[in-house]
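Trainee: Handing you a structure now.
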Amino acid sequence: MSLNQQARAILTGNDRGGYTLPTDGLYPFQWNWDASVTALGWMCFAPARAWEEMRWLFKGQWQGGPNDGFLAHIAFHAPSDSYFPGADEWGTDGAPGTEALRTRTSSISQPPLHATMVRWMWHRAQAISPQAAAEAAEQVRGLLPGLLAHHRWWYRARDPDRSGLVLNIHPWETGMDNSPAWDVPLARVPQATRPYTRHDLGHVDASMRPPQSFYDRVVYLMDFNRAQDFDPVKILASCPYRVQDVGIISILQRASIDLLALCAACAWDGDVQDLHSALARTHNAIEALWSTRWSQYVSRDAITGELLDVPTSSGLLGAYAGFRHDLGPTVAAWLAETPYALPSTRSGFPGFEPLRYWRGPVWQHVNMLIADGLQRQGHAHLAQAIQACSAALFEASGFHEYYDPLTGRGLGGRAFSWAAATCLHWTDGAMKKQAGGA
Ligand code: GLC
């Protein structure tokens, strides 16, 4: 089977009719940013199914109340007991905004990639056929209200002071769960003392997963959120973990740019001036997160005001977000340091661990975003170098959750949807074109 056929088979195998599991067993529900990347993959061979993925994600969007527009990191469309923390643990049933939902959800969000992925999907649909393009235009129009509400939730609930730098209240919201960038702020979080049982270690070796001390703290934060009735004002006033993550901020910035482009293309007649203002605020405020030590953007601890001066790949998303600094020289240095680019944490950093989740391994969809930004910033050769590394990883190791940047070995969950989707959308066609053109 060709890589393309294998990738399609993975999406088809993880399909649960309307939504796609990241991988069976380890992640038995629909995840937020996974869904957007996965939809991009479906778009390459089953456009109607791609739009369905997005529609299903928005089935879990909260409506009304202080969290109007909130989109959770997990939509529990069907029950499963192979994952902790499952639907009962989050306690969101009956929370303001969930009354009309038929899908149970978690209480934290994830990087808002959706508008960008929707724009890329629409672009691809236009190349497929006039019929696919017409279907896409209709689907985009249907998704716009939910997308706008979601962006507004981020700006309203997570940046009430209009600083331009939205906050997050749980490391899982960043999608980069155990990044070494969260070590300092997380150390201040008390550890949960209630009993609970992890299920992840039954699926994946412990050397590739976060330790117990990490889980005790993320469980504490989950319970804290529930104890505050999910009220964003109460949470921001007292949550012991408040971080301005450069990954979320960059992804939101780019997604707002793409959302405005979608609104214009659909002749959307609602007022979107608030999004223009939010973009301008972030564009200026982000410069406070520039690290002179690492020559890249980094995150900040919003409680102490200190930079979390850790070189993670999320800080290379500045070009993707359209921020001012040139990231070319820094990315070139990263590329020279590990055989398989780009690791999630720079390999020279003391917290780098090549096997452990977000502390070192390569995550292919993040690299796709970084490469897109470099291409736009005029560094086509760097974008191609990242793409070539990713293609080599797919070729050598197949479709894993993440990969060892030193050996190229596939790690974590197998038959993983976002790896398959990233291959279909990004490396498959492009590498064939390059080989054919050479
Ligand atoms: C892990 C990842 C997160 C992802 C989820 C499902 O929690 O850290 O980014 O969304 O798995 O794949």
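Labels for the structure tokens follow display order: chains A, B, ..., residues from 1 in each chain, ligands from 1.
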Please tabulate, as a Markdown table, the residues of chain A that come within 7 Å of ligand 1, each with its closest pair of atoms and the distance in Å to one decimal, counting only C-alpha atoms and all ligand atoms and ordering rows by chain, then residue number upward.

Mentor:
```
| residue | atom | partner | partner_atom_place_in_ligand_line | distance |
| --- | --- | --- | --- | --- |
| A:Pro22 | CA | ligand 1 | 12 (O) | 5.1 |
| A:Tyr27 | CA | ligand 1 | 6 (C) | 6.1 |
| A:Trp31 | CA | ligand 1 | 10 (O) | 5.7 |
| A:Asn32 | CA | ligand 1 | 10 (O) | 6.6 |
| A:Trp33 | CA | ligand 1 | 10 (O) | 5.9 |
| A:Asp34 | CA | ligand 1 | 10 (O) | 5.4 |
| A:Trp172 | CA | ligand 1 | 7 (O) | 6.6 |
| A:Gly175 | CA | ligand 1 | 9 (O) | 3.5 |
| A:Met176 | CA | ligand 1 | 8 (O) | 4.9 |
| A:Asp177 | CA | ligand 1 | 8 (O) | 4.9 |
```

Trainee: Taking only residues of region 248-340 of chain A that have an atom at most 7 Å from an atom of region 376-392 of chain A, what is each one's shortest atom pair and its distance in Å to one decimal, using only C-alpha atoms, in chain and number order, as CSV?

Mentor:
```
residue,atom,partner,partner_atom,distance
A:Ala319,CA,A:Gln377,CA,6.2
A:Gly328,CA,A:His379,CA,6.5
A:Ala332,CA,A:Leu382,CA,6.9
A:Tyr340,CA,A:Cys389,CA,5.6
```

Trainee: Using only C-alpha atoms, can you tell me which of A:Ala237, A:Val118, A:Met208, A:Ile74 comes closest to Ala261 (chain A)?

Mentor: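 Once distances to Ala261 (chain A) are computed over only C-alpha atoms, the minimum belongs to A:Val118.
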
Trainee: Expressed in Å to a single decimal, how great is the separation between CA of Arg194 (chain A) and CA of Asp216 (chain A)?

Mentor: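 Straight-line distance from CA of Arg194 (chain A) to CA of Asp216 (chain A) works out to 9.0 Å.
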
Trainee: Using only C-alpha atoms, which residue out of A:Ala127, A:Leu113, A:Ala95, A:Ile370 lies closest to Arg254 (chain A)?

Mentor: A:Leu113

Trainee: I'd like the neighbourhood of Leu316 (chain A) as number ranges by chain, where a residue qualifies if any of its atoms comes within 9 Å (using only C-alpha atoms), though same-chain residues fewer than 3 positions away should be ignored.

Mentor: A: 247, 296-298, 311-313, 319-320, 327, 330-331, 370, 373

Trainee: Identify which of the residues A:Asp161, A:Asp81, A:Asp245, A:Asp269 lies closest to Pro111 (chain A), counting only C-alpha atoms when measuring atom-to-atom distances.

Mentor: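 Of A:Asp161, A:Asp81, A:Asp245, A:Asp269, the one nearest Pro111 (chain A), counting only C-alpha atoms, is A:Asp245.
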
Trainee: Considering only C-alpha atoms, state which residue in the set A:Trp62, A:Phe224, A:Trp426, A:Phe76 is at the smallest distance from Thr98 (chain A).

Mentor: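 For Thr98 (chain A), the nearest of the candidates is A:Trp62.
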
Trainee: Quick one: contact table of region 159-206 of chain A to region 342-364 of chain A, 12 Å max, nearest atom pair and distance in Å to one decimal per residue, counting only C-alpha atoms, chain and number order, as JSON lines?

Mentor:
```
{"residue": "A:Pro171", "atom": "CA", "partner": "A:Trp358", "partner_atom": "CA", "distance": 11.2}
{"residue": "A:Trp172", "atom": "CA", "partner": "A:Trp358", "partner_atom": "CA", "distance": 11.2}
{"residue": "A:Thr174", "atom": "CA", "partner": "A:Trp358", "partner_atom": "CA", "distance": 10.8}
{"residue": "A:Gly175", "atom": "CA", "partner": "A:Trp358", "partner_atom": "CA", "distance": 9.1}
{"residue": "A:Met176", "atom": "CA", "partner": "A:Trp358", "partner_atom": "CA", "distance": 5.7}
{"residue": "A:Asp177", "atom": "CA", "partner": "A:Trp358", "partner_atom": "CA", "distance": 6.6}
{"residue": "A:Asn178", "atom": "CA", "partner": "A:Trp358", "partner_atom": "CA", "distance": 5.7}
{"residue": "A:Ser179", "atom": "CA", "partner": "A:Trp358", "partner_atom": "CA", "distance": 4.9}
{"residue": "A:Pro180", "atom": "CA", "partner": "A:Arg359", "partner_atom": "CA", "distance": 6.0}
{"residue": "A:Ala181", "atom": "CA", "partner": "A:Arg359", "partner_atom": "CA", "distance": 9.0}
{"residue": "A:Trp182", "atom": "CA", "partner": "A:Arg359", "partner_atom": "CA", "distance": 10.4}
{"residue": "A:Asp183", "atom": "CA", "partner": "A:Gly351", "partner_atom": "CA", "distance": 9.5}
{"residue": "A:Val184", "atom": "CA", "partner": "A:Gly351", "partner_atom": "CA", "distance": 11.9}
{"residue": "A:Val204", "atom": "CA", "partner": "A:Tyr357", "partner_atom": "CA", "distance": 10.9}
{"residue": "A:Asp205", "atom": "CA", "partner": "A:Arg356", "partner_atom": "CA", "distance": 10.0}
{"residue": "A:Ala206", "atom": "CA", "partner": "A:Arg356", "partner_atom": "CA", "distance": 8.9}
```
